[in-house]
file final19.csv (CSV, C-alpha atoms and all ligand atoms)
chain,number,residue,atom,x,y,z
O,1,MET,CA,62.5,-35.8,-31.4
O,2,ALA,CA,62.4,-32.5,-33.1
O,3,LYS,CA,60.4,-29.8,-31.3
O,4,ARG,CA,57.1,-29.1,-32.9
O,5,ARG,CA,56.9,-25.6,-34.2
O,6,LEU,CA,53.9,-23.7,-33.0
O,7,SER,CA,52.1,-21.1,-34.9
O,8,HIS,CA,51.6,-17.6,-33.5
O,9,ARG,CA,47.9,-18.4,-32.9
O,10,GLN,CA,48.7,-21.6,-31.0
O,11,LYS,CA,51.3,-19.8,-28.9
O,12,ASN,CA,48.8,-17.1,-28.0
O,13,ARG,CA,46.1,-19.6,-27.2
O,14,ILE,CA,48.4,-21.5,-24.8
O,15,ARG,CA,49.5,-18.2,-23.2
O,16,ASP,CA,45.8,-17.1,-22.7
O,17,ASN,CA,45.0,-20.5,-21.3
O,18,GLN,CA,47.9,-20.3,-18.8
O,19,GLN,CA,46.8,-16.9,-17.8
O,20,SER,CA,43.2,-18.0,-17.3
O,21,ALA,CA,44.3,-21.0,-15.3
O,22,SER,CA,46.4,-18.9,-13.0
O,23,LYS,CA,43.6,-16.3,-12.7
O,24,SER,CA,41.1,-19.0,-11.9
O,25,ASN,CA,43.4,-20.3,-9.2
O,26,THR,CA,43.6,-17.0,-7.4
O,27,GLY,CA,40.2,-17.7,-5.9
O,28,LEU,CA,38.0,-14.9,-7.2
O,29,THR,CA,34.9,-14.2,-5.3
O,30,GLY,CA,31.9,-12.1,-6.2
O,31,LEU,CA,28.6,-10.8,-5.0
O,32,VAL,CA,25.5,-11.5,-7.2
O,33,ILE,CA,23.8,-8.2,-8.0
O,34,ALA,CA,21.4,-9.3,-10.7
O,35,HIS,CA,20.2,-12.5,-12.3
O,36,HIS,CA,18.7,-12.8,-15.7
O,37,GLY,CA,18.0,-16.1,-17.4
O,38,LYS,CA,21.3,-17.9,-17.9
O,39,LYS,CA,23.4,-14.9,-16.9
O,40,VAL,CA,24.3,-13.4,-13.6
O,41,LYS,CA,25.8,-10.0,-12.9
O,42,LEU,CA,28.6,-10.1,-10.4
O,43,GLU,CA,30.5,-7.6,-8.5
O,44,LEU,CA,34.0,-8.9,-8.0
O,45,GLU,CA,36.1,-7.9,-5.0
O,46,SER,CA,37.9,-5.4,-7.2
O,47,ASN,CA,34.5,-3.7,-7.6
O,48,GLU,CA,34.5,-4.6,-11.3
O,49,VAL,CA,31.0,-5.6,-12.5
O,50,VAL,CA,31.0,-8.6,-14.9
O,51,ASP,CA,28.6,-10.9,-16.6
O,52,SER,CA,29.0,-14.5,-15.5
O,53,GLN,CA,27.7,-17.9,-16.3
O,54,PHE,CA,27.2,-20.5,-13.7
O,55,ARG,CA,27.5,-24.3,-13.4
O,56,ALA,CA,24.2,-25.9,-14.0
O,57,ASN,CA,24.4,-28.0,-10.9
O,58,LEU,CA,24.4,-25.0,-8.5
O,59,GLY,CA,20.7,-24.6,-8.2
O,60,ASN,CA,19.3,-21.2,-7.7
O,61,ILE,CA,21.6,-18.3,-7.5
O,62,VAL,CA,20.1,-15.1,-6.3
O,63,CYS,CA,20.9,-11.5,-5.5
O,64,GLY,CA,23.0,-11.2,-2.3
O,65,ASP,CA,24.7,-14.6,-2.9
O,66,GLN,CA,28.4,-14.7,-2.4
O,67,VAL,CA,30.1,-16.9,-5.0
O,68,SER,CA,33.4,-18.3,-6.1
O,69,VAL,CA,34.3,-17.6,-9.7
O,70,GLU,CA,36.7,-19.0,-12.2
O,71,LEU,CA,37.7,-17.9,-15.7
O,72,THR,CA,36.9,-20.4,-18.4
O,73,GLU,CA,39.2,-21.2,-21.3
O,74,GLY,CA,37.2,-18.8,-23.4
O,75,ASN,CA,38.1,-16.1,-20.8
O,76,GLU,CA,34.6,-15.9,-19.5
O,77,TYR,CA,33.6,-15.8,-15.9
O,78,ARG,CA,31.8,-18.8,-14.5
O,79,ILE,CA,30.5,-19.3,-11.0
O,80,HIS,CA,31.7,-22.7,-9.7
O,81,SER,CA,30.5,-22.6,-6.1
O,82,LEU,CA,28.1,-20.8,-3.8
O,83,ARG,CA,29.3,-19.7,-0.3
O,84,PRO,CA,27.0,-20.8,2.6
O,85,ARG,CA,24.1,-18.5,3.0
O,86,ASN,CA,23.0,-16.8,6.2
O,87,ASN,CA,19.4,-16.8,5.0
O,88,LEU,CA,17.3,-17.1,1.9
O,89,LEU,CA,14.1,-15.1,1.2
O,90,GLN,CA,11.7,-17.2,-0.9
O,91,ARG,CA,8.4,-16.3,-2.6
O,92,LEU,CA,5.5,-18.6,-3.4
O,93,ASP,CA,5.0,-18.9,-7.2
O,94,GLY,CA,1.6,-19.3,-8.8
O,95,TYR,CA,1.5,-23.0,-7.9
O,96,GLY,CA,2.4,-22.4,-4.2
O,97,LYS,CA,6.0,-23.6,-4.7
O,98,PRO,CA,8.8,-21.7,-3.0
O,99,ARG,CA,11.2,-19.8,-5.3
O,100,ALA,CA,14.4,-18.3,-4.1
O,101,LEU,CA,14.5,-14.5,-4.4
O,102,ALA,CA,17.3,-13.0,-2.4
O,103,ALA,CA,20.0,-14.2,0.0
O,104,ASN,CA,22.0,-12.9,3.0
O,105,ILE,CA,19.5,-10.2,3.8
O,106,THR,CA,19.8,-8.3,7.1
O,107,GLN,CA,16.6,-6.3,6.9
O,108,MET,CA,13.2,-6.3,5.2
O,109,VAL,CA,11.5,-3.0,4.2
O,110,VAL,CA,7.7,-3.6,3.7
O,111,CYS,CA,6.3,-0.8,1.7
O,112,LEU,CA,2.6,0.1,2.1
O,113,ALA,CA,0.8,3.2,0.9
O,114,ALA,CA,-2.4,5.2,1.4
O,115,SER,CA,-3.3,4.1,-2.1
O,116,PRO,CA,-3.6,1.2,-3.1
O,117,PRO,CA,-5.1,0.7,0.4
O,118,PRO,CA,-2.8,-1.2,2.9
O,119,ASN,CA,-3.2,-4.9,2.7
O,120,LEU,CA,-2.6,-6.1,6.3
O,121,ILE,CA,-2.7,-9.8,5.7
O,122,LEU,CA,0.2,-9.4,3.2
O,123,LEU,CA,2.0,-7.2,5.8
O,124,ASP,CA,1.5,-9.9,8.4
O,125,GLN,CA,2.9,-12.5,5.9
O,126,TYR,CA,6.0,-10.5,5.4
O,127,LEU,CA,6.4,-9.9,9.1
O,128,LEU,CA,5.9,-13.6,9.7
O,129,THR,CA,8.7,-14.5,7.2
O,130,ALA,CA,11.0,-11.9,8.6
O,131,GLU,CA,10.5,-13.1,12.1
O,132,GLN,CA,11.2,-16.7,11.0
O,133,MET,CA,14.3,-15.5,9.2
O,134,GLN,CA,15.2,-13.5,12.3
O,135,ILE,CA,15.7,-10.2,10.5
O,136,PRO,CA,14.3,-6.8,11.5
O,137,VAL,CA,11.5,-5.1,9.5
O,138,VAL,CA,10.9,-1.5,8.7
O,139,ILE,CA,7.3,-0.8,7.9
O,140,LEU,CA,7.3,2.0,5.3
O,141,LEU,CA,4.1,4.0,4.9
O,142,ASN,CA,4.3,5.9,1.7
O,143,LYS,CA,2.1,8.5,0.0
O,144,CYS,CA,1.6,10.3,3.4
O,145,ASP,CA,0.6,13.3,1.3
O,146,LEU,CA,-2.7,11.8,0.3
O,147,ALA,CA,-5.9,12.8,2.2
O,148,GLN,CA,-6.7,9.4,3.5
O,149,ALA,CA,-3.2,8.6,4.7
O,150,LYS,CA,-3.6,9.9,8.3
O,151,GLU,CA,-6.5,7.7,9.3
O,152,GLN,CA,-5.0,4.6,7.6
O,153,PHE,CA,-1.5,5.1,9.0
O,154,ASP,CA,-2.9,5.8,12.5
O,155,THR,CA,-4.6,2.4,12.5
O,156,ILE,CA,-1.4,0.7,11.4
O,157,ARG,CA,0.6,2.5,14.1
O,158,GLN,CA,-1.8,1.5,16.8
O,159,ILE,CA,-1.4,-2.2,15.8
O,160,TYR,CA,2.3,-2.5,15.0
O,161,GLN,CA,4.1,0.1,17.1
O,162,PRO,CA,3.3,-1.7,20.4
O,163,LEU,CA,4.8,-4.8,18.8
O,164,GLY,CA,8.1,-3.0,18.4
O,165,TYR,CA,8.2,-2.6,14.6
O,166,ALA,CA,9.9,0.5,13.2
O,167,ILE,CA,7.5,2.6,11.2
O,168,ILE,CA,8.6,5.4,8.8
O,169,GLU,CA,6.2,7.6,6.9
O,170,THR,CA,7.3,8.9,3.5
O,171,CYS,CA,6.3,10.9,0.5
O,172,ALA,CA,8.3,9.9,-2.5
O,173,ILE,CA,7.1,13.0,-4.4
O,174,SER,CA,8.4,15.6,-1.9
O,175,GLY,CA,11.1,13.4,-0.4
O,176,LYS,CA,9.6,13.7,3.1
O,177,GLY,CA,10.8,10.9,5.4
O,178,LEU,CA,13.2,9.4,2.9
O,179,GLN,CA,16.2,10.6,4.8
O,180,ASP,CA,15.0,8.6,7.8
O,181,LEU,CA,14.6,5.6,5.6
O,182,GLN,CA,18.1,6.1,4.3
O,183,TYR,CA,19.5,6.1,7.8
O,184,SER,CA,17.8,2.8,8.6
O,185,LEU,CA,19.3,1.3,5.4
O,186,ASP,CA,22.9,2.2,6.4
O,187,HIS,CA,25.2,-0.9,6.8
O,188,ASN,CA,22.3,-3.3,6.0
O,189,THR,CA,21.4,-5.5,3.1
O,190,SER,CA,17.7,-4.6,2.8
O,191,VAL,CA,15.1,-6.1,0.6
O,192,ILE,CA,12.2,-3.8,-0.3
O,193,THR,CA,8.8,-5.4,-0.9
O,194,GLY,CA,5.2,-4.5,-1.3
O,195,VAL,CA,2.4,-4.6,-3.9
O,196,SER,CA,2.6,-2.8,-7.2
O,197,GLY,CA,1.8,0.9,-7.1
O,198,VAL,CA,2.8,1.7,-3.5
O,199,GLY,CA,5.9,3.6,-4.7
O,200,LYS,CA,8.8,1.2,-4.5
O,201,SER,CA,10.3,2.3,-7.8
O,202,SER,CA,10.0,6.0,-6.9
O,203,ILE,CA,11.7,5.4,-3.5
O,204,THR,CA,14.4,3.2,-5.0
O,205,GLN,CA,15.1,5.9,-7.7
O,206,TRP,CA,15.5,8.5,-4.9
O,207,LEU,CA,17.8,6.3,-2.9
O,208,VAL,CA,19.9,5.1,-5.9
O,209,PRO,CA,19.5,7.6,-8.7
O,210,ASP,CA,21.7,5.8,-11.2
O,211,VAL,CA,20.1,2.4,-10.6
O,212,GLU,CA,18.9,2.0,-14.2
O,213,ILE,CA,22.3,2.8,-15.6
O,214,ARG,CA,24.0,0.2,-13.5
O,215,VAL,CA,21.7,-2.7,-14.4
O,216,SER,CA,20.2,-1.9,-17.8
O,217,GLU,CA,22.6,-4.0,-19.8
O,218,ILE,CA,21.3,-7.2,-18.2
O,219,SER,CA,17.8,-6.9,-19.7
O,220,GLU,CA,17.8,-9.1,-22.8
O,221,ALA,CA,15.6,-11.5,-24.7
O,222,ASN,CA,15.1,-14.9,-22.9
O,223,GLU,CA,15.2,-18.3,-24.6
O,224,GLU,CA,11.7,-17.9,-26.1
O,225,GLY,CA,12.7,-14.6,-27.6
O,226,ARG,CA,10.4,-12.6,-25.3
O,227,HIS,CA,11.7,-9.6,-23.5
O,228,THR,CA,11.7,-10.2,-19.8
O,229,THR,CA,12.5,-8.1,-16.8
O,230,ARG,CA,14.9,-9.0,-14.1
O,231,THR,CA,13.6,-10.7,-11.0
O,232,SER,CA,15.7,-8.8,-8.6
O,233,ARG,CA,18.7,-6.5,-8.4
O,234,LEU,CA,21.1,-5.2,-5.8
O,235,SER,CA,22.2,-1.6,-5.6
O,236,HIS,CA,24.8,0.1,-3.4
O,237,LEU,CA,23.6,2.9,-1.2
O,238,GLN,CA,25.6,6.0,-0.3
O,239,ASN,CA,26.5,4.9,3.2
O,240,GLY,CA,27.6,1.4,2.7
O,241,GLY,CA,24.2,-0.2,2.7
O,242,GLN,CA,22.8,-2.4,-0.1
O,243,LEU,CA,19.2,-2.5,-1.4
O,244,ILE,CA,17.6,-5.4,-3.2
O,245,ASP,CA,14.5,-4.7,-5.1
O,246,THR,CA,12.4,-6.9,-7.3
O,247,PRO,CA,11.2,-4.9,-10.3
O,248,GLY,CA,10.4,-8.0,-12.3
O,249,ILE,CA,7.9,-9.3,-9.8
O,250,ARG,CA,4.9,-7.0,-9.3
O,251,SER,CA,4.2,-8.3,-5.9
O,252,PHE,CA,5.0,-11.5,-4.2
O,253,ASN,CA,3.8,-13.7,-1.4
O,254,PRO,CA,6.7,-14.6,0.8
O,255,ALA,CA,7.2,-18.3,1.6
O,256,PRO,CA,7.1,-19.1,5.3
O,257,VAL,CA,10.3,-20.7,6.5
O,258,PRO,CA,9.7,-24.5,6.8
O,259,ASP,CA,9.9,-26.1,10.2
O,260,VAL,CA,9.3,-22.9,12.1
O,261,ALA,CA,5.9,-22.6,13.6
O,262,ILE,CA,3.7,-19.8,12.3
O,263,ALA,CA,2.9,-18.7,15.9
O,264,ASN,CA,6.7,-17.9,16.3
O,265,GLY,CA,6.3,-15.4,13.6
O,266,PHE,CA,3.7,-13.4,15.5
O,267,ARG,CA,5.5,-11.7,18.4
O,268,GLU,CA,2.5,-11.1,20.6
O,269,ILE,CA,1.2,-14.7,20.1
O,270,SER,CA,4.5,-16.4,20.8
O,271,ALA,CA,4.9,-14.2,23.9
O,272,ARG,CA,1.6,-15.4,25.4
O,273,ALA,CA,1.8,-19.0,24.2
O,274,VAL,CA,3.8,-19.9,27.3
O,275,ASP,CA,0.6,-19.3,29.4
O,276,CYS,CA,-1.6,-21.6,27.4
O,277,GLN,CA,-2.8,-24.8,29.2
O,278,PHE,CA,-1.4,-27.1,26.5
O,279,HIS,CA,2.2,-26.7,25.5
O,280,ASN,CA,1.3,-27.6,21.9
O,281,CYS,CA,-1.7,-25.2,21.8
O,282,ARG,CA,-2.4,-23.9,18.3
O,283,HIS,CA,-4.5,-21.1,19.7
O,284,ILE,CA,-7.5,-22.0,17.5
O,285,ASN,CA,-10.1,-23.4,19.8
O,286,GLU,CA,-8.2,-25.0,22.7
O,287,PRO,CA,-9.5,-24.5,26.2
O,288,ARG,CA,-7.7,-22.1,28.5
O,289,CYS,CA,-5.7,-20.6,25.6
O,290,ALA,CA,-3.9,-17.4,26.7
O,291,VAL,CA,-3.8,-16.1,23.2
O,292,ILE,CA,-7.6,-16.3,22.6
O,293,ALA,CA,-8.0,-14.7,26.1
O,294,ALA,CA,-5.8,-11.8,25.0
O,295,VAL,CA,-7.7,-11.3,21.8
O,296,LYS,CA,-11.0,-11.1,23.9
O,297,THR,CA,-9.6,-8.5,26.2
O,298,GLY,CA,-8.2,-6.5,23.2
O,299,ASN,CA,-4.5,-7.1,24.2
O,300,ILE,CA,-4.0,-8.8,20.8
O,301,ALA,CA,-5.4,-7.0,17.8
O,302,GLU,CA,-8.3,-8.8,16.2
O,303,SER,CA,-6.8,-8.3,12.7
O,304,ARG,CA,-3.5,-9.9,13.7
O,305,TYR,CA,-5.3,-12.9,15.2
O,306,GLN,CA,-7.6,-13.3,12.2
O,307,ASN,CA,-4.5,-13.2,9.9
O,308,TYR,CA,-2.7,-15.7,12.1
O,309,LEU,CA,-5.7,-18.1,11.6
O,310,LYS,CA,-5.8,-17.5,7.8
O,311,LEU,CA,-2.0,-18.2,7.6
O,312,MET,CA,-2.4,-21.4,9.7
O,313,GLU,CA,-5.2,-22.5,7.4
O,314,GLN,CA,-3.1,-21.9,4.3
O,315,GLU,CA,-0.3,-23.9,5.7
O,316,GLN,CA,-2.5,-26.8,6.6
O,317,ALA,CA,-3.9,-26.8,3.0
O,318,ARG,CA,-0.4,-27.1,1.6
O,401,LIG,P1,5.8,0.6,-7.5
O,401,LIG,O1,4.9,-0.2,-8.4
O,401,LIG,O2,5.6,0.1,-6.1
O,401,LIG,O3,7.2,0.6,-7.9
O,401,LIG,O4,5.3,2.1,-7.5
O,401,LIG,P2,5.8,3.4,-8.3
O,401,LIG,O5,7.0,3.9,-7.7
O,401,LIG,O6,5.8,3.0,-9.8
O,401,LIG,O7,4.6,4.4,-8.0
O,401,LIG,C1,3.3,4.2,-8.4
O,401,LIG,C2,2.6,5.6,-8.6
O,401,LIG,O8,2.5,6.2,-7.4
O,401,LIG,C3,3.4,6.5,-9.5
O,401,LIG,O9,2.5,7.2,-10.3
O,401,LIG,C4,4.2,7.4,-8.5
O,401,LIG,O10,4.4,8.7,-9.1
O,401,LIG,C5,3.1,7.5,-7.4
O,401,LIG,N1,3.8,7.8,-6.1
O,401,LIG,C6,4.9,7.2,-5.6
O,401,LIG,N2,5.1,7.7,-4.4
O,401,LIG,C7,4.2,8.6,-4.1
O,401,LIG,C8,3.9,9.5,-3.0
O,401,LIG,O11,4.6,9.4,-1.9
O,401,LIG,N3,2.8,10.2,-3.1
O,401,LIG,C9,2.0,10.2,-4.2
O,401,LIG,N4,0.9,11.1,-4.1
O,401,LIG,N5,2.2,9.5,-5.2
O,401,LIG,C10,3.3,8.7,-5.2
O,402,ZN,ZN,-3.1,-21.1,23.0

call {"tool": "encode", "arguments": {"input": "final19.csv", "output": "structure tokens"}}
result
Amino acid sequence: MAKRRLSHRQKNRIRDNQQSASKSNTGLTGLVIAHHGKKVKLELESNEVVDSQFRANLGNIVCGDQVSVELTEGNEYRIHSLRPRNNLLQRLDGYGKPRALAANITQMVVCLAASPPPNLILLDQYLLTAEQMQIPVVILLNKCDLAQAKEQFDTIRQIYQPLGYAIIETCAISGKGLQDLQYSLDHNTSVITGVSGVGKSSITQWLVPDVEIRVSEISEANEEGRHTTRTSRLSHLQNGGQLIDTPGIRSFNPAPVPDVAIANGFREISARAVDCQFHNCRHINEPRCAVIAAVKTGNIAESRYQNYLKLMEQEQAR
């Protein structure tokens, strides 16, 4: 049979397809650095940053995810599988449902400020989630330049320092304390959280001055044509650390990790629970409860215990 003559265009297409196929077989891997609608920004092992699609059956893909990538026939990148995660930070949406936010985190930075006034129940919620995820926390007290800061920050130190939490005071305007924060971020993948207005953007800008340039291209109109912001983004820090922030979410309630008791997320409560009369004591109203006894003697801070009760109540209502 006579050999079919191929046009130039056909020959080029076949060559491109063969190249794509061989590239996709090389086992490309990438790190998710931003996610927006149907697109994900990936950093490949070569450090090249590319836009990528993903297979619909993969579920949620979030910042910090390690993924395997292939090149499609159209020469576009597509995530075809997700590497196993070490952990997953989830937030509760408006309906109380968990939504994935960031993966493979090694540290949580909870940012509070002298203004808006510190919200200790939210802090305890973050601490609870971090304990359950078994990652350390840095409590960041920003706006230490404000007049009311000293009294507020002293109260927080009194409660949280004896529990072993790292506390750093900063002023994002003068830069005070930001070097200490930078050291604690070295070699970690940290997520920075906290309510709107505490100074997260100012701090992130100081730590990663070119952050907007790196990620600005991903902002685009979503399917409804509205302009939306990213839900999270990952930036590289000077000394090998990575910082994930969530500019698209003004403030979020972290989702407790399922199947891990809330009491385990309160260090001082889990430490004393071994002395309760009942091994399944919930430390609410049980007789001879070592936790309630410690609250009465002031060895457990009243605010921590009250927040524990509120979080127990919330969980039971769910
Ligand atoms: P975010 O919503 O947590 O990202 O907070 P921003 O970084 O946008 O900061 C909110 C406001 O607080 C801005 O007007 C900042 O200039 C201001 N701000 C941030 N850090 C400090 C600080 O350390 N001291 C004072 N006085 N103001 C600050
Ligand atoms: Zn008890």

call {"tool": "closest_residue", "arguments": {"input": "final19.csv", "among": "O:Glu70, O:Asp186, O:Glu268, O:Glu43", "to": "O:Ile292", "atoms": "all atoms listed in the file"}}
result
O:Glu268

call {"tool": "closest_residue", "arguments": {"input": "final19.csv", "among": "O:Ile61, O:Val50, O:Leu243, O:Ile300", "to": "O:Leu101", "atoms": "only C-alpha atoms"}}
result
O:Ile61

call {"tool": "residues_around", "arguments": {"input": "final19.csv", "residues": "stretch 105-111 of chain O", "least_positions_apart": "3", "cutoff": "8 Å", "atoms": "only C-alpha atoms", "output": "number ranges by chain"}}
result
O: 64, 86-89, 102, 123, 126, 130, 135-142, 188-195, 198-200

call {"tool": "residues_around", "arguments": {"input": "final19.csv", "residues": "O:Ser270", "least_positions_apart": "6", "cutoff": "12 Å", "atoms": "only C-alpha atoms", "output": "ChimeraX atom specification"}}
result
/O:128,131-132,163,260-264,276,279-283,290-291,300,305,308

call {"tool": "atom_distance", "arguments": {"input": "final19.csv", "atom1": "atom CA of O:Pro254", "atom2": "atom CA of O:Val40"}}
result
22.8 Å

call {"tool": "residues_around", "arguments": {"input": "final19.csv", "residues": "O:Lys176", "least_positions_apart": "2", "cutoff": "12 Å", "atoms": "all atoms listed in the file", "output": "list in words"}}
result
Leu141, Asn142, Lys143, Cys144, Asp145, Ile168, Glu169, Thr170, Cys171, Ala172, Ile173, Ser174, Leu178, Gln179, Asp180, Leu181, Gln182, Ile203 and Trp206 of chain O

call {"tool": "closest_residue", "arguments": {"input": "final19.csv", "among": "O:Met312, O:Ile156, O:Leu234, O:Ala114", "to": "ligand LIG 401 (chain O)", "atoms": "only C-alpha atoms and all ligand atoms"}}
result
O:Ala114
